[in-house]
Structures are given as C-alpha cells and as structure tokens.
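Colleague: Data: final.txt, compact mmCIF, C-alpha atoms.
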# COMPACT_ATOMS: atom_id res chain seq x y z
CA MET A 188 95.45 151.23 77.12
CA SER A 189 95.18 155.01 77.44
CA ALA A 190 97.28 157.06 79.87
CA ALA A 191 94.11 157.83 81.83
CA GLN A 192 93.39 154.11 82.24
CA MET A 193 97.02 153.50 83.28
CA LEU A 194 96.74 156.21 85.88
CA GLU A 195 93.50 154.71 87.12
CA THR A 196 95.20 151.33 87.56
CA LEU A 197 98.14 152.88 89.45
CA LEU A 198 95.81 154.75 91.80
CA ALA A 199 93.51 151.76 92.22
CA SER A 200 94.51 150.80 95.74
CA GLU A 201 96.91 151.32 98.60
CA VAL A 202 98.58 147.98 97.85
CA THR A 203 99.35 149.04 94.27
CA GLY A 204 100.86 152.25 95.65
CA ASP A 205 102.97 150.27 98.12
CA LEU A 206 104.17 147.97 95.33
CA LEU A 207 105.08 150.90 93.10
CA VAL A 208 107.04 152.58 95.89
CA LEU A 209 108.83 149.30 96.70
CA PHE A 210 109.89 148.61 93.11
CA HIS A 211 110.80 152.24 92.33
CA ARG A 212 112.98 152.51 95.41
CA ASN A 213 114.43 149.07 94.78
CA PRO A 214 114.53 148.59 91.01
CA GLY A 215 116.84 145.57 91.35
CA LEU A 216 114.36 143.56 93.41
CA ILE A 217 113.70 140.08 92.02
CA ASP A 218 111.54 137.96 94.27
CA THR A 219 108.53 135.68 94.56
CA LEU A 220 105.02 136.97 95.19
CA ASP A 221 105.14 135.88 98.84
CA SER A 222 108.55 137.47 99.48
CA VAL A 223 107.51 140.71 97.76
CA ALA A 224 104.37 140.74 99.92
CA ARG A 225 106.47 140.21 103.05
CA ARG A 226 108.66 143.17 102.11
CA ILE A 227 105.60 145.47 102.28
CA GLY A 228 104.21 143.77 105.37
CA ARG A 229 101.41 141.87 103.62
CA THR A 230 100.58 138.35 102.47
CA GLY A 231 100.82 136.89 98.98
CA ASN A 232 97.06 136.45 98.66
CA SER A 233 96.37 140.07 99.58
CA ILE A 234 98.59 141.51 96.84
CA GLU A 235 97.89 139.04 94.03
CA GLU A 236 95.27 141.13 92.28
CA ASP A 237 97.33 144.34 92.43
CA VAL A 238 100.38 142.52 91.12
CA ARG A 239 98.29 141.24 88.22
CA GLY A 240 97.27 144.82 87.43
CA LEU A 241 100.89 145.96 87.34
CA VAL A 242 101.91 142.96 85.24
CA ASN A 243 99.10 143.73 82.77
CA LEU A 244 100.36 147.31 82.59
CA GLY A 245 103.84 145.95 81.89
CA ILE A 246 105.47 147.74 84.83
CA LEU A 247 106.18 144.39 86.50
CA LYS A 248 107.15 141.28 84.64
CA THR A 249 107.30 137.66 85.68
CA ARG A 250 109.95 135.06 85.07
CA ARG A 251 110.37 131.42 86.03
CA ILE A 252 113.42 130.63 88.14
CA GLY A 253 113.65 126.90 88.87
CA ARG A 254 110.36 125.96 90.52
CA SER A 255 109.44 129.54 91.41
CA GLU A 256 107.86 132.41 89.54
CA VAL A 257 109.50 135.73 90.32
CA LEU A 258 108.44 139.34 89.88
CA LEU A 259 110.71 142.12 88.71
CA LEU A 260 110.46 145.67 87.45
CA ASP A 261 110.54 146.19 83.70
CA ARG A 262 112.67 149.34 83.78
CA ALA A 263 112.10 150.29 80.14
CA ARG A 264 108.32 149.76 80.21
CA ASP A 265 108.09 151.51 83.59
CA ARG A 266 109.75 154.60 82.10
CA GLU A 267 107.36 154.50 79.12
CA VAL A 268 104.30 154.31 81.39
CA LEU A 269 105.53 157.12 83.62
CA ASP A 270 106.31 159.31 80.60
CA ALA A 271 102.85 158.66 79.14
CA ILE A 272 101.17 159.54 82.44
CA ALA A 273 103.32 162.65 82.89
CA LYS A 274 102.35 163.77 79.38
CA HIS A 275 98.70 163.07 80.13
CA LEU A 276 98.89 165.12 83.35
CA ARG A 277 100.61 167.99 81.55
CA ASN A 278 97.80 168.00 79.00
CA LEU A 279 95.20 168.03 81.75
CA GLU A 280 97.03 170.95 83.35
CA GLY A 281 96.94 172.78 80.05
CA VAL A 282 93.18 172.18 79.67
CA GLU A 283 92.65 173.43 83.21
CA LYS A 284 94.62 176.59 82.46
CA ILE A 285 92.53 177.28 79.36
CA ASP A 286 89.36 176.67 81.36
CA ASN A 287 90.56 179.09 84.03
CA THR A 288 91.04 181.81 81.48
CA LYS A 289 87.51 181.27 80.29
CA PHE A 290 85.98 181.79 83.70
CA MET B 13 117.83 147.03 72.86
CA THR B 14 121.35 148.37 72.56
CA THR B 15 123.70 146.58 74.88
CA PRO B 16 127.12 147.93 75.81
CA SER B 17 128.71 145.27 73.62
CA SER B 18 126.73 146.15 70.54
CA ARG B 19 127.44 149.82 71.13
CA THR B 20 131.16 149.22 71.24
CA GLY B 21 131.09 146.52 68.61
CA VAL B 22 132.89 144.08 70.91
CA SER B 23 131.60 140.56 70.53
CA GLY B 24 131.43 138.04 73.33
CA PHE B 25 134.20 136.08 71.64
CA ASP B 26 136.46 139.14 71.50
CA GLN B 27 135.83 139.69 75.17
CA PHE B 28 136.65 136.07 75.88
CA LEU B 29 139.96 136.48 74.05
CA THR B 30 140.72 139.72 75.85
CA ARG B 31 139.98 138.00 79.14
CA LYS B 32 142.36 135.17 78.29
CA VAL B 33 145.08 137.64 77.40
CA GLY B 34 144.50 139.43 80.71
CA GLU B 35 144.86 136.23 82.76
CA GLY B 36 147.21 136.56 85.67
CA GLY B 37 146.44 140.23 86.01
CA ARG B 38 145.38 141.96 89.17
CA VAL B 39 142.00 143.32 90.16
CA ARG B 40 142.70 146.47 92.11
CA THR B 41 140.44 147.19 95.04
CA GLY B 42 141.18 150.90 94.67
CA ILE B 43 142.07 151.06 98.36
CA ALA B 44 145.76 151.93 98.02
CA GLU B 45 146.97 150.29 101.23
CA LEU B 46 144.96 147.12 100.62
CA ASP B 47 146.28 146.84 97.06
CA GLU B 48 149.75 147.22 98.52
CA MET B 49 149.03 144.40 100.99
CA LEU B 50 147.79 142.27 98.07
CA HIS B 51 150.88 143.10 95.99
CA GLY B 52 148.76 144.88 93.39
CA GLY B 53 145.23 143.58 93.98
CA PHE B 54 143.27 140.34 93.96
CA MET B 55 144.15 137.86 91.25
CA GLU B 56 141.90 138.31 88.22
CA GLY B 57 138.86 135.99 88.21
CA ASP B 58 139.50 134.78 91.75
CA ALA B 59 136.83 134.17 94.35
CA VAL B 60 137.57 136.27 97.41
CA MET B 61 135.91 135.86 100.78
CA VAL B 62 135.55 138.83 103.10
CA ALA B 63 134.77 137.43 106.53
CA GLY B 64 133.93 139.17 109.74
CA SER B 65 131.36 139.68 112.42
CA ALA B 66 128.40 142.07 112.18
CA GLY B 67 129.24 145.75 111.93
CA CYS B 68 132.93 145.38 111.17
CA GLY B 69 132.75 146.91 107.65
CA LYS B 70 132.27 143.98 105.25
CA THR B 71 129.53 145.67 103.22
CA THR B 72 131.46 148.96 103.09
CA LEU B 73 134.56 147.17 101.81
CA ALA B 74 132.50 145.24 99.26
CA LEU B 75 130.77 148.37 97.93
CA GLN B 76 134.04 150.29 97.80
CA TYR B 77 135.54 147.44 95.76
CA LEU B 78 132.69 147.75 93.23
CA VAL B 79 132.60 151.56 93.09
CA ASN B 80 136.37 151.71 92.60
CA GLY B 81 135.99 149.02 89.95
CA VAL B 82 133.61 151.26 88.02
CA LYS B 83 136.20 154.06 88.21
CA LEU B 84 138.73 151.62 86.74
CA GLY B 85 136.33 150.75 83.90
CA GLU B 86 135.06 147.48 85.39
CA PRO B 87 131.27 147.37 85.86
CA GLY B 88 129.98 145.54 88.91
CA VAL B 89 126.92 143.76 90.29
CA TYR B 90 125.98 143.74 93.95
CA VAL B 91 123.71 140.88 95.03
CA THR B 92 122.03 141.43 98.36
CA PHE B 93 119.84 139.04 100.30
CA GLU B 94 119.51 141.12 103.39
CA GLU B 95 119.31 144.87 102.94
CA LEU B 96 116.88 146.42 100.48
CA PRO B 97 118.64 148.47 97.77
CA ASP B 98 117.21 151.81 98.92
CA GLN B 99 119.02 151.36 102.23
CA ILE B 100 122.22 150.54 100.35
CA TYR B 101 121.79 153.60 98.08
CA ARG B 102 121.37 155.78 101.17
CA ASP B 103 124.34 154.35 103.08
CA ALA B 104 126.55 154.52 100.00
CA LYS B 105 125.57 158.15 99.40
CA ASN B 106 126.77 158.96 102.91
CA LEU B 107 130.17 157.65 101.82
CA GLY B 108 130.07 159.78 98.65
CA TRP B 109 129.02 157.03 96.23
CA ASP B 110 125.99 157.71 94.03
CA LEU B 111 124.97 154.19 93.11
CA ARG B 112 121.73 155.25 91.40
CA LYS B 113 123.76 157.37 89.00
CA LEU B 114 126.11 154.46 88.30
CA GLU B 115 123.05 152.29 87.58
CA GLU B 116 121.68 154.88 85.15
CA GLU B 117 125.05 154.85 83.40
CA ASN B 118 124.85 151.03 83.10
CA LYS B 119 128.03 150.58 85.11
CA PHE B 120 126.50 149.09 88.21
CA ARG B 121 123.50 147.00 89.27
CA ILE B 122 122.03 146.00 92.60
CA VAL B 123 120.08 142.76 92.56
CA CYS B 124 117.99 142.10 95.65
CA THR B 125 116.56 138.62 95.96
CA SER B 126 116.00 135.64 98.21
CA PRO B 127 118.87 133.17 98.65
CA ASN B 128 116.71 130.20 97.67
CA LEU B 129 116.08 131.79 94.26
CA LEU B 130 119.79 132.06 93.59
CA LEU B 131 120.11 128.39 94.51
CA GLU B 132 117.11 127.36 92.40
CA SER B 133 118.24 129.26 89.33
CA GLU B 134 119.88 127.09 86.77
CA GLY B 135 122.68 128.75 84.91
CA ASP B 136 122.58 132.49 85.38
CA SER B 137 118.89 133.08 84.75
CA LEU B 138 118.46 135.16 87.89
CA LEU B 139 121.33 137.46 87.05
CA ASP B 140 121.34 137.24 83.28
CA GLU B 141 119.54 140.54 82.72
CA SER B 142 122.12 142.40 84.80
CA PHE B 143 124.94 140.47 83.14
CA ARG B 144 123.56 141.31 79.70
CA ASP B 145 122.95 144.98 80.53
CA ILE B 146 126.30 145.89 82.04
CA GLN B 147 128.68 142.97 81.37
CA PRO B 148 130.19 143.02 84.84
CA ARG B 149 133.80 142.18 85.63
CA ARG B 150 133.16 142.19 89.38
CA ILE B 151 130.39 140.80 91.55
CA VAL B 152 129.67 140.91 95.26
CA VAL B 153 127.39 138.39 96.97
CA ASP B 154 126.24 139.74 100.34
CA SER B 155 126.15 137.33 101.91
CA LEU B 156 127.06 133.71 101.45
CA SER B 157 125.97 133.16 105.06
CA HIS B 158 122.36 133.68 103.97
CA LEU B 159 122.61 130.70 101.62
CA ALA B 160 123.41 128.62 104.69
CA MET B 161 119.90 129.25 105.99
CA PHE B 162 118.38 127.49 102.99
CA VAL B 163 120.56 124.43 102.54
CA LYS B 164 122.03 121.71 104.73
CA GLU B 165 125.62 122.14 105.84
CA SER B 166 126.80 119.37 103.51
CA GLU B 167 124.98 120.96 100.55
CA LEU B 168 126.22 124.46 101.28
CA ARG B 169 129.73 123.63 100.13
CA ARG B 170 128.39 122.11 96.91
CA GLU B 171 126.11 125.07 96.22
CA ALA B 172 128.82 127.61 97.04
CA TYR B 173 131.20 125.71 94.76
CA ARG B 174 128.60 125.77 91.96
CA LEU B 175 128.14 129.54 92.36
CA ILE B 176 131.87 130.25 92.48
CA MET B 177 132.62 128.08 89.45
CA HIS B 178 129.76 129.65 87.50
CA LEU B 179 131.19 133.13 88.08
CA LYS B 180 134.74 131.95 87.34
CA THR B 181 133.61 130.44 84.07
CA LYS B 182 132.23 133.84 83.12
CA GLY B 183 135.55 135.46 84.03
CA ILE B 184 133.95 137.58 86.76
CA SER B 185 135.97 138.32 89.88
CA SER B 186 133.77 137.59 92.85
CA LEU B 187 133.81 138.88 96.37
CA LEU B 188 131.74 136.77 98.74
CA VAL B 189 130.77 138.20 102.08
CA TRP B 190 130.68 135.79 105.02
CA GLU B 191 129.31 136.79 108.36
CA SER B 192 131.26 134.89 110.96
CA PRO B 193 130.27 134.82 114.61
CA GLN B 194 132.17 137.10 116.95
CA MET B 195 135.69 135.76 116.57
CA ALA B 196 137.09 135.80 120.05
CA GLY B 197 138.94 133.58 122.45
CA GLY B 198 141.92 131.39 121.78
CA SER B 199 140.78 129.88 118.48
CA PHE B 200 140.15 131.50 115.15
CA SER B 201 138.19 130.07 112.25
CA VAL B 202 136.69 131.93 109.35
CA THR B 203 133.80 129.60 108.59
CA GLU B 204 132.68 126.59 110.53
CA VAL B 205 131.29 124.89 107.45
CA GLY B 206 134.55 124.47 105.55
CA LEU B 207 134.11 127.07 102.83
CA SER B 208 137.63 128.45 103.22
CA PHE B 209 139.16 125.96 100.81
CA LEU B 210 136.66 126.86 98.07
CA VAL B 211 137.85 130.45 97.81
CA ASP B 212 141.19 131.70 96.52
CA CYS B 213 141.66 134.55 98.93
CA ILE B 214 140.38 135.35 102.40
CA VAL B 215 140.33 138.81 103.93
CA ALA B 216 139.26 138.78 107.57
CA LEU B 217 137.93 141.82 109.40
CA LYS B 218 137.80 141.77 113.14
CA PRO B 219 136.87 144.15 115.93
CA VAL B 220 139.48 144.12 118.69
CA GLU B 221 139.50 145.61 122.15
CA ILE B 222 142.71 147.41 122.98
CA GLU B 223 143.11 149.48 126.09
CA SER B 224 139.36 149.70 126.62
CA SER B 225 138.51 150.91 123.13
CA MET B 226 137.16 149.01 120.12
CA ARG B 227 139.38 149.09 117.07
CA LYS B 228 139.17 147.26 113.78
CA ALA B 229 141.75 144.91 112.30
CA LEU B 230 142.17 143.56 108.76
CA VAL B 231 144.32 140.62 107.75
CA ILE B 232 144.81 138.63 104.56
CA LEU B 233 144.65 135.03 105.72
CA LYS B 234 145.12 133.35 102.37
CA MET B 235 145.92 134.24 98.78
CA ARG B 236 146.46 131.51 96.23
CA GLY B 237 149.19 132.10 93.71
CA SER B 238 150.63 135.23 95.25
CA ASP B 239 152.58 136.51 98.17
CA HIS B 240 150.87 139.07 100.39
CA ASP B 241 151.29 141.16 103.49
CA LYS B 242 150.86 138.87 106.51
CA ARG B 243 150.54 141.64 109.04
CA LEU B 244 147.41 142.65 110.89
CA ARG B 245 146.56 146.19 109.92
CA GLU B 246 144.29 148.59 111.71
CA PHE B 247 141.54 150.17 109.62
CA GLN B 248 138.83 152.73 110.03
CA ILE B 249 135.57 153.43 108.26
CA THR B 250 135.84 157.09 107.34
CA SER B 251 133.43 159.42 105.52
CA THR B 252 134.96 158.26 102.23
CA GLY B 253 135.15 154.54 102.95
CA ILE B 254 137.70 152.11 104.37
CA LYS B 255 141.07 153.59 105.32
CA ILE B 256 143.82 151.15 106.24
CA GLU B 257 146.40 152.28 108.73
CA SER B 258 149.53 150.89 110.31
CA ALA B 259 150.09 147.35 111.52
CA PHE B 260 149.44 146.32 115.10
CA THR B 261 153.18 145.96 115.58
CA ASN B 262 153.20 146.50 119.32
CA TYR B 263 150.58 143.89 120.11
CA GLU B 264 150.33 140.15 119.88
CA GLY B 265 147.28 137.90 120.11
CA VAL B 266 145.09 140.50 118.36
CA ILE B 267 143.36 137.94 116.12
CA THR B 268 142.47 135.68 119.05
CA GLY B 269 140.68 138.51 120.80
CA SER B 270 143.14 138.67 123.69
CA PRO B 271 145.67 141.27 122.56
CA ARG B 272 148.59 142.09 124.80
CA ARG B 273 151.51 144.39 124.30
CA VAL B 274 154.65 142.66 123.23
CA ALA B 275 157.32 142.27 125.93
CA SER B 276 159.69 144.84 124.39
CA GLU B 277 156.95 147.47 124.54
CA LYS B 278 156.28 146.65 128.18
CA PHE B 279 159.98 147.15 128.96
CA MET B 280 159.97 150.41 127.05
CA ASP B 281 157.04 151.58 129.14
CA LEU B 282 158.87 150.61 132.31
CA PHE B 283 162.00 152.48 131.23
CA ARG B 284 159.95 155.50 130.24
CA GLY B 285 158.24 155.41 133.64
CA ALA B 286 161.53 155.12 135.47
CA ALA B 287 163.08 157.97 133.46
CA GLU B 288 160.13 160.21 134.24
CA LYS B 289 160.38 159.40 137.95
CA ARG B 290 164.08 160.35 137.92
CA LYS B 291 163.13 163.76 136.47
Would you write out, as structure tokens, the structure that this file holds?

Modeller:
Amino acid sequence: MSAAQMLETLLASEVTGDLLVLFHRNPGLIDTLDSVARRIGRTGNSIEEDVRGLVNLGILKTRRIGRSEVLLLDRARDREVLDAIAKHLRNLEGVEKIDNTKF
Amino acid sequence: MTTPSSRTGVSGFDQFLTRKVGEGGRVRTGIAELDEMLHGGFMEGDAVMVAGSAGCGKTTLALQYLVNGVKLGEPGVYVTFEELPDQIYRDAKNLGWDLRKLEEENKFRIVCTSPNLLLESEGDSLLDESFRDIQPRRIVVDSLSHLAMFVKESELRREAYRLIMHLKTKGISSLLVWESPQMAGGSFSVTEVGLSFLVDCIVALKPVEIESSMRKALVILKMRGSDHDKRLREFQITSTGIKIESAFTNYEGVITGSPRRVASEKFMDLFRGAAEKRK
C-alpha cells in the first residue's frame, strides 16, 4: 500500500481519527472492540469498519485473550506508517514549492 | 526485534540465577522515610497492598515506587483499569515524572485494560509484550478493587491469589492498590473480602481530621518476614511526590477516625494556659 493510500485510510472518517488519537495518547491500551468504542463514546458496531481499516494498515493488531479478541497498537508498525506518511507529505511539499517557482 | 536481554547478552536463565542470588534483598521505594519505616524497603518479590480511600494518594505512591525503581535500574509496569494513560502521563508530569520518556527508553510501560481481560488471560498473555520488552522487576496493579466488580466475592480471593502467584513466580515485586471505603469509626479493616492474608505487606493510607483540618496518615499494618516501624506517620503529597513526616505522637485513635490528644498533651496545654494566665 502506498503512503498516499495509507493517508487516505487515516483520513477516511471521524471515527478513524478518534481511534488514532485514542491509541496515540494511550499506546498501552489493550481492550476489546466494545470497550475501545466506549472509551471514545461510541458503540462496537459503529467503529468495526474503521478498526478493520486500521488493522489492515497494521497500526492496530488483534490478539485473543481467553474468550475475547483484543485490540492494541502495534508501536513499531505505527512508527513505520507515520514515517512513510511524513516522507510522502514532505515530497508533496517539495513538489508544491517547485510548482510555485514555475508560476 | 532486539530485546533488552539480547542486547545485554543476559539469558533468562542467567536472570533466574541472579534473582535467586538476590533473594532476601530489599526493594527500595526510593522514598527515604518509607524505606526507613520498612527497614530498607519491601522484601524482594513480595506482594504489597496499598490500601486507602479515594484521593488519599495511593496512585501517587504507586507511581513514585515505579519511577524510583527505574532510577534504581528496575524497570516497571503500571496496569490501570480506571484512568486512561494520557491522564496518568499528565498527572505524573505535574510531579516531575516524564513517563512517556521512560517508555521510549524501554524502562517503563503503562498497560490500560479491562479487569475481565486480566482475569480471562491465561498465563501472562495480556502482559507478555510488556514483560518481553522491558523485563520488569516491579509491577503496579491499580486497582485490585476493580477485579471485584467482575467476579464473585468467593472467586475474588482465588483470582487475586492466581495473579499474585503468577507475578511471584516471575520474580516481580508487585504493588496492588486497593480502594477501601472511607475508614472511619471505631473499627478498621483494610478489605472486607479477606484479601489481607494473601499479601505479604500492607501499607494503609488514611485521611484524618485533626483540629478541623484534613491530614493524611500512613501506617505499615503488616510485613511478613521483617520488623517495621509501627507508628502512624503523617504524609503530604508535594510537587515532587509523597513526603513522609513525623509520627502522630501526640494523638491516639487516629486510625479509627476519632483522634484525640493524648492525656499528657492535654495536661501540658493546661499548664501552658495556667502559666500564661499568671504572666
């Protein structure tokens, strides 16, 4: 997946933004879908799709604890994704600067 | 991934041997007066309960124990069921402790989860990533009272025992926070569900009203295998953490919530009053 596609996923919805803020502020959070949803004032059903997007990106990972499936931040992968996006944005900025000099 | 053990070349077995050699040692809290009360610190590998009502400084004491542990070269894990980590980072920063930095340095971890998940997890699967990453020597569970909301009273003791023994087996010194109801009146009990006998040491924190002002008292109620200071000491939460002060020597009944000045002090007051009148 390209950095542009990653960025698109992260900016996809307000819920995804809320999830990113929650896990970045609380990198040690390990909880079920329903409990994570409760922590951002939503229901499990309403965040399921956004969680799937973040799991597919690798920012969140799942693990089975007893009878429950839990979500947690993959710190290493999260750093990789953020670095890739930052690089992508820097490149865009560079392109914009070149374009500005043209006009 | 490079773990601290592979970086240092210390195998798990070496650590196990080192731990065995260190048995009987003390785990310093880093709070000088408390270590003095404990005759050097908690016993290594022991399960310690810090009990007290809301707002009396249990979390501050627990965090200070972990932060000081890091300074002494002992990484620590803080398990919270209640507060979200960002709130803990903020409150700790106000006390001069940069927990995010300690996490980046792989010396500290906050794990925030639901109590039922800790109970459901078999072995250490919920905490294993943190254990693998930083190889903690200290752990705080804040709080054991939250587990009580998910299990029956009879099962709580069994589950708490399982948790304590799991941590002991790993050689990790644990500090378990217990929120007790406002301890007032003529009787005093730390937990009403009989957890006291499961732990090796109990430190009780209690707000007390003396001469129309609220003060805080700390007492070591129990410490297996070691003598300790039996006195009730006043403490304050300062801008740098817990500061333990002198003993409540002039009062009795402090722990029951009905403190009164001891008779000798009353007489002294009377004499002082009489002497002033004569002047």

Colleague: Could you list the residues in chain B lying within 6 Å of chain A, using only C-alpha atoms, and format the result as JSON, numbers by chain?

Modeller: {"B": [97, 98, 122, 123, 124, 125, 132, 133]}

Colleague: How would the residues just chosen look if you wrote them out with C-alpha atoms as an mmCIF file, keeping the file's coordinate frame?

Modeller:
data_model
loop_
_atom_site.group_PDB
_atom_site.id
_atom_site.type_symbol
_atom_site.label_atom_id
_atom_site.label_comp_id
_atom_site.auth_asym_id
_atom_site.auth_seq_id
_atom_site.Cartn_x
_atom_site.Cartn_y
_atom_site.Cartn_z
ATOM 1 C CA PRO B 97 118.640 148.470 97.770
ATOM 2 C CA ASP B 98 117.210 151.810 98.920
ATOM 3 C CA ILE B 122 122.030 146.000 92.600
ATOM 4 C CA VAL B 123 120.080 142.760 92.560
ATOM 5 C CA CYS B 124 117.990 142.100 95.650
ATOM 6 C CA THR B 125 116.560 138.620 95.960
ATOM 7 C CA GLU B 132 117.110 127.360 92.400
ATOM 8 C CA SER B 133 118.240 129.260 89.330
#

Colleague: Can you pull out every residue within 9 Å of Cys213 of chain B, counting all atoms listed in the file, but drop anything in the same chain fewer than 2 positions away, and send it as number ranges by chain?

Modeller: B: 54-55, 58-62, 208, 211, 215, 232-236

Colleague: With all atoms listed in the file as the counted atoms, please give the residues lying no more than 12 Å from Arg266 of chain A, apart from itself and same-chain residues fewer than 2 positions off, as a PyMOL selection string.

Modeller: chain A and resi 211+214+244-247+260-264+268-273

Colleague: Would you list the contacts of segment 232-238 of chain A as a list in words, taking every protein, DNA or RNA residue within 10 Å and counting all atoms listed in the file, but skipping same-chain residues closer than 6 positions in sequence?

Modeller: Thr196, Leu197, Ala199, Ser200, Glu201, Val202, Thr203, Gly204, Asp205, Leu206, Leu207, Leu220, Asp221, Val223, Ala224, Leu244, Ile246, Leu247, Lys248 and Leu258 of chain A

Colleague: Which of these residues is nearest to Gly108 of chain B, using all atoms listed in the file: B:Pro193, B:Asn128, B:Phe143, B:Thr250?

Modeller: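 Selected residue with least distance to Gly108 of chain B: B:Thr250.
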
Colleague: Around the point (154.9, 148.0, 117.4) in the file's coordinates, collect all residues with an atom within 10 Å, using all atoms listed in the file, and return them as a list of chain:residue names.

Modeller: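 Output of the proximity query reads B:Ser258, B:Ala259, B:Phe260, B:Thr261, B:Asn262, B:Tyr263, B:Glu264, B:Arg273, B:Val274, B:Ser276, B:Glu277.
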
Colleague: I need the chosen residues saved as a compact mmCIF listing (two decimals), keeping the file's coordinate frame, with C-alpha atoms.

Modeller:
# COMPACT_ATOMS: atom_id res chain seq x y z
CA SER B 258 149.53 150.89 110.31
CA ALA B 259 150.09 147.35 111.52
CA PHE B 260 149.44 146.32 115.10
CA THR B 261 153.18 145.96 115.58
CA ASN B 262 153.20 146.50 119.32
CA TYR B 263 150.58 143.89 120.11
CA GLU B 264 150.33 140.15 119.88
CA ARG B 273 151.51 144.39 124.30
CA VAL B 274 154.65 142.66 123.23
CA SER B 276 159.69 144.84 124.39
CA GLU B 277 156.95 147.47 124.54

Colleague: Record the distance separating atom CA of Leu75 of chain B and atom CA of Gly53 of chain B, expressed in Å with one decimal.

Modeller: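 The value is 15.7 Å.
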
Colleague: Tell me, in Å to one decimal, how far atom CA of Val39 of chain B is from atom CA of Asn106 of chain B.

Modeller: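 Separation between atom CA of Val39 of chain B and atom CA of Asn106 of chain B: 25.3 Å.
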
Colleague: For Val242 of chain A, which residue out of A:Leu198, A:Met193, A:Thr230, A:Leu276 is the nearest one, using only C-alpha atoms?

Modeller: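 That would be A:Met193, the residue with the smallest distance to Val242 of chain A.
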
Colleague: Counting only C-alpha atoms, which residue out of B:Val152, B:Ala74, B:Leu159, B:Ile176 sits closest to Ile43 of chain B?

Modeller: B:Ala74
